[in-house]
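S.K.: Just passing along the structure, written as structure tokens.
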Amino acid sequence: MALIIAGERSGVGKTTVTLALLSYLSKRGLQVQSFKVGPDYIDPMFHKYVTNRACRNLDPVLTSERYVQKCFNKYSNLCEYTLIEGVMGLFDGVKTSPQPLSLLTRGVKKERVDNFASTAHIAKLLNLPVLLVIDCSRLSGSVAAIVHGYCSFDKDIQIAGVVLNRVGSDRHLFLLRNSLETLQIPILGILRRQDNITIRDRHLGLVPTSEIPELNQLIDKLAHLAESCFDWKNLLPLLLNRQGDKEVRRQGDTLKISPPSSSSPHSPKIAVAYDKAFNFYYQDNLDLLQDLGAELIFWSPLEDTELPLDIRGMYFGGGFPEVFAQQLAENTSARDAVKTAICSGIPTIAECGGLMYLCEQIVDMSGKSWEMLGILPTKAVMDKRLALGYRRAIALQDSLLIDAGKIIYGHEFHRSSLIIDSNKPLFETYRFDCDEFTGKEGWISPSNLHASYIHMHWGNSREIPQRFVDKCRAFSNVFCS
């Protein structure tokens, strides 16, 4: 068994509730595996910080329904307790259609699905109960109508209980309890308005863990809050993972990861940029690279002046290069080393923030320009427009990772844009849920480069990291900075 934390909408406190529960369990020395529904990178960072275990994303758009089940079974079976944080509101997902976009529905039933990849979809896919978080700050008696609606909307969803968040006073709580009494649904948590517990955010969501010096104190507060505000007698059994399920163990074995034991040409070293500027990576992607024989060497374009020795590939994930543009610009030694390596032909993935780093300049939110690598003949300019959503991307050219004509499924989430588009774009992109054209994007010049705003999860596309590792393995001009 495991429990999914869902909200009646975004912003009701799912992450606070999830982190409070994880903090309490971890402070008691209990092993807990967490998951996050959807393509989010930042919430899993907080999960990992609390549990000291990598959080896994469950996203059937980026992977598949089958992969979600296998991933969950694999990793939940490793711990005593399991908790999943949902995405947006319980039933908020995307639409799928059997025609004309039948390619979108791999692993999906023939009929139209209106909440694909929602928290409710994952709950049904994994047959797990839901703990519903309600923001009570602006309601009292109406809470029963909200809870009744969520409980009755889809009978296949098991609402195990509710958490009443942002309760203002004892009188307010009395009104809420009185309203919910006729529904006979367990109240498993009551959180008062907390002015002293705040997780800072900015233009792409929460501020990542590495930028919050007071995070340990915050986690301690959340653990104390959880101890006093949740009905642990009834809640703990819902979080307890039932060990001994042979089917779970059998499915989990299919995702076994075997990192290389030593470095050799058959286990190429790949430099992975990882610091405050670049930290958006799916753990499954990193695991797959290791599983396929690569040795990952983590380094910092912010702090390190040289690339790691004897590397055969580079991987720049997303993150916040615009926030640290000055520091990136001032580290000229690192910029020169990366540019030289790419020009030497080293296989390189640059995803979203990584793409921005490869541009001539980054123009930050205040309008200041900062010199970057100059590999791509364009500037990345920050603005208020948010590019957001799942994408169906069709490869227009053979490239480092994929062949022309291949369809991949990814996610865009950025506030920058390029002032000059590629004259030989990598992808033609469409919204996942319809035929709406969203543009041509991505760079494949030089030919050893894959640079794109599209975030990919390789869980259901093992051939992509396999191709990258093979290219790294074949790279003869081993780069030494």
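If you're wondering about the labels, chains in the structure tokens are A, B, ... by order shown, residues count from 1 in each chain, ligands from 1 in order shown.
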Residues near Ala393 in chain A, anyone? I mean within 12 Å using only C-alpha atoms, not counting same-chain ones fewer than 6 positions away, as a count of residues only.
M.R.: 34
S.K.: Using DSSP on the backbone coordinates, identify the residues of range 222-462 of chain A assigned to helix (DSSP H, G or I); present them as a count of residues only.
M.R.: 57
S.K.: Excluding same-chain residues fewer than 6 positions from Lys14 in chain A, what lies within 12 Å of it counting only C-alpha atoms, as number ranges by chain?
M.R.: A: 4-8, 20-21, 36-37, 43, 83-90, 119, 130-135, 162-166, 191
S.K.: Set the distance at 9 Å and use only C-alpha atoms: which residues neighbour Leu401 in chain A once local chain neighbours fewer than 4 positions away are removed? I'd like the list as a compact mmCIF listing (two decimals) with all heavy atoms, in the first residue's frame.
M.R.:
# COMPACT_ATOMS: atom_id res chain seq x y z
N ILE A 349 24.76 16.82 -24.91
CA ILE A 349 23.33 17.09 -24.74
C ILE A 349 23.19 18.39 -23.96
O ILE A 349 23.79 18.54 -22.89
CB ILE A 349 22.62 15.95 -23.99
CG1 ILE A 349 22.71 14.65 -24.77
CG2 ILE A 349 21.17 16.32 -23.73
CD1 ILE A 349 22.15 13.45 -24.01
N LEU A 449 26.00 17.69 -31.42
CA LEU A 449 25.23 18.42 -30.41
C LEU A 449 23.74 18.14 -30.51
O LEU A 449 23.17 18.11 -31.60
CB LEU A 449 25.48 19.93 -30.58
CG LEU A 449 24.66 20.87 -29.69
CD1 LEU A 449 25.04 20.69 -28.23
CD2 LEU A 449 24.87 22.32 -30.14
N HIS A 450 23.10 17.94 -29.36
CA HIS A 450 21.64 17.93 -29.24
C HIS A 450 21.28 19.04 -28.27
O HIS A 450 21.53 18.93 -27.06
CB HIS A 450 21.13 16.58 -28.72
CG HIS A 450 19.66 16.58 -28.40
ND1 HIS A 450 18.73 15.98 -29.22
CD2 HIS A 450 18.96 17.08 -27.36
CE1 HIS A 450 17.52 16.13 -28.70
NE2 HIS A 450 17.63 16.79 -27.57
N GLU A 463 16.45 3.46 -26.16
CA GLU A 463 17.34 3.57 -27.32
C GLU A 463 18.00 4.95 -27.41
O GLU A 463 19.07 5.09 -28.03
CB GLU A 463 16.55 3.28 -28.61
CG GLU A 463 15.51 4.32 -29.01
CD GLU A 463 14.18 4.18 -28.29
OE1 GLU A 463 14.06 3.29 -27.41
OE2 GLU A 463 13.24 4.94 -28.61
N ILE A 464 17.39 5.98 -26.80
CA ILE A 464 17.98 7.33 -26.85
C ILE A 464 19.25 7.40 -26.00
O ILE A 464 20.31 7.79 -26.51
CB ILE A 464 16.95 8.39 -26.44
CG1 ILE A 464 15.84 8.48 -27.50
CG2 ILE A 464 17.62 9.75 -26.27
CD1 ILE A 464 14.73 9.45 -27.16
N PRO A 465 19.21 7.06 -24.71
CA PRO A 465 20.48 7.06 -23.96
C PRO A 465 21.48 6.03 -24.48
O PRO A 465 22.69 6.26 -24.40
CB PRO A 465 20.05 6.76 -22.53
CG PRO A 465 18.73 6.08 -22.64
CD PRO A 465 18.08 6.72 -23.83
N GLN A 466 20.97 4.91 -25.03
CA GLN A 466 21.87 3.92 -25.61
C GLN A 466 22.66 4.53 -26.75
O GLN A 466 23.88 4.34 -26.86
CB GLN A 466 21.07 2.71 -26.12
CG GLN A 466 21.91 1.63 -26.77
CD GLN A 466 22.74 0.86 -25.77
OE1 GLN A 466 22.20 0.08 -24.98
NE2 GLN A 466 24.05 1.07 -25.78
N ARG A 467 21.98 5.29 -27.58
CA ARG A 467 22.65 5.93 -28.71
C ARG A 467 23.68 6.95 -28.23
O ARG A 467 24.78 7.04 -28.78
CB ARG A 467 21.61 6.60 -29.60
CG ARG A 467 22.15 7.26 -30.85
CD ARG A 467 21.03 7.43 -31.84
NE ARG A 467 21.39 8.27 -32.96
CZ ARG A 467 20.71 8.28 -34.11
NH1 ARG A 467 19.66 7.49 -34.26
NH2 ARG A 467 21.06 9.08 -35.09
N PHE A 468 23.32 7.70 -27.20
CA PHE A 468 24.25 8.70 -26.66
C PHE A 468 25.50 8.03 -26.09
O PHE A 468 26.63 8.44 -26.38
CB PHE A 468 23.55 9.53 -25.58
CG PHE A 468 24.41 10.59 -24.96
CD1 PHE A 468 25.11 11.50 -25.73
CD2 PHE A 468 24.52 10.68 -23.57
CE1 PHE A 468 25.91 12.48 -25.15
CE2 PHE A 468 25.31 11.66 -22.98
CZ PHE A 468 26.01 12.57 -23.78
N LYS A 471 27.70 6.78 -28.85
CA LYS A 471 28.44 7.87 -29.49
C LYS A 471 29.62 8.31 -28.62
O LYS A 471 30.71 8.61 -29.13
CB LYS A 471 27.50 9.05 -29.75
CG LYS A 471 26.39 8.79 -30.75
CD LYS A 471 26.89 8.82 -32.18
CE LYS A 471 25.72 8.76 -33.16
NZ LYS A 471 26.16 8.80 -34.56
S.K.: Identify, on the basis of only C-alpha atoms, every residue whose closest approach to Leu218 in chain A does not exceed 10 Å; exclude the query and any residue fewer than 6 positions from it along the same chain; express the result as a list in words.
M.R.: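 So, after excluding close chain neighbours, the residues are Leu19, Ala20, Ser23, Asn196, Ile197, Thr198, Ile199, Ile212 and His224 of chain A.
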S.K.: Would you mind reading off the distance between CA of Glu65 in chain A and CA of Ser118 in chain A, one decimal, in Å?
M.R.: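 These two atoms are separated by 11.9 Å.
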S.K.: Identify, with DSSP run on backbone atoms, the residues in range 217-466 of chain A assigned to strand (DSSP E or B), and express the list as a VMD selection string.
M.R.: chain A and resid 230 240 264 267 269 to 273 278 to 280 295 to 299 311 313 to 316 318 to 319 348 to 351 359 to 363 369 to 371 376 to 395 407 to 418 427 to 431 437 to 441 443 449 to 452 455
S.K.: Of the residues A:Arg53, A:Arg193, A:His121, A:Arg177, which is the one nearest to Asp154 in chain A, using only C-alpha atoms?
M.R.: A:His121
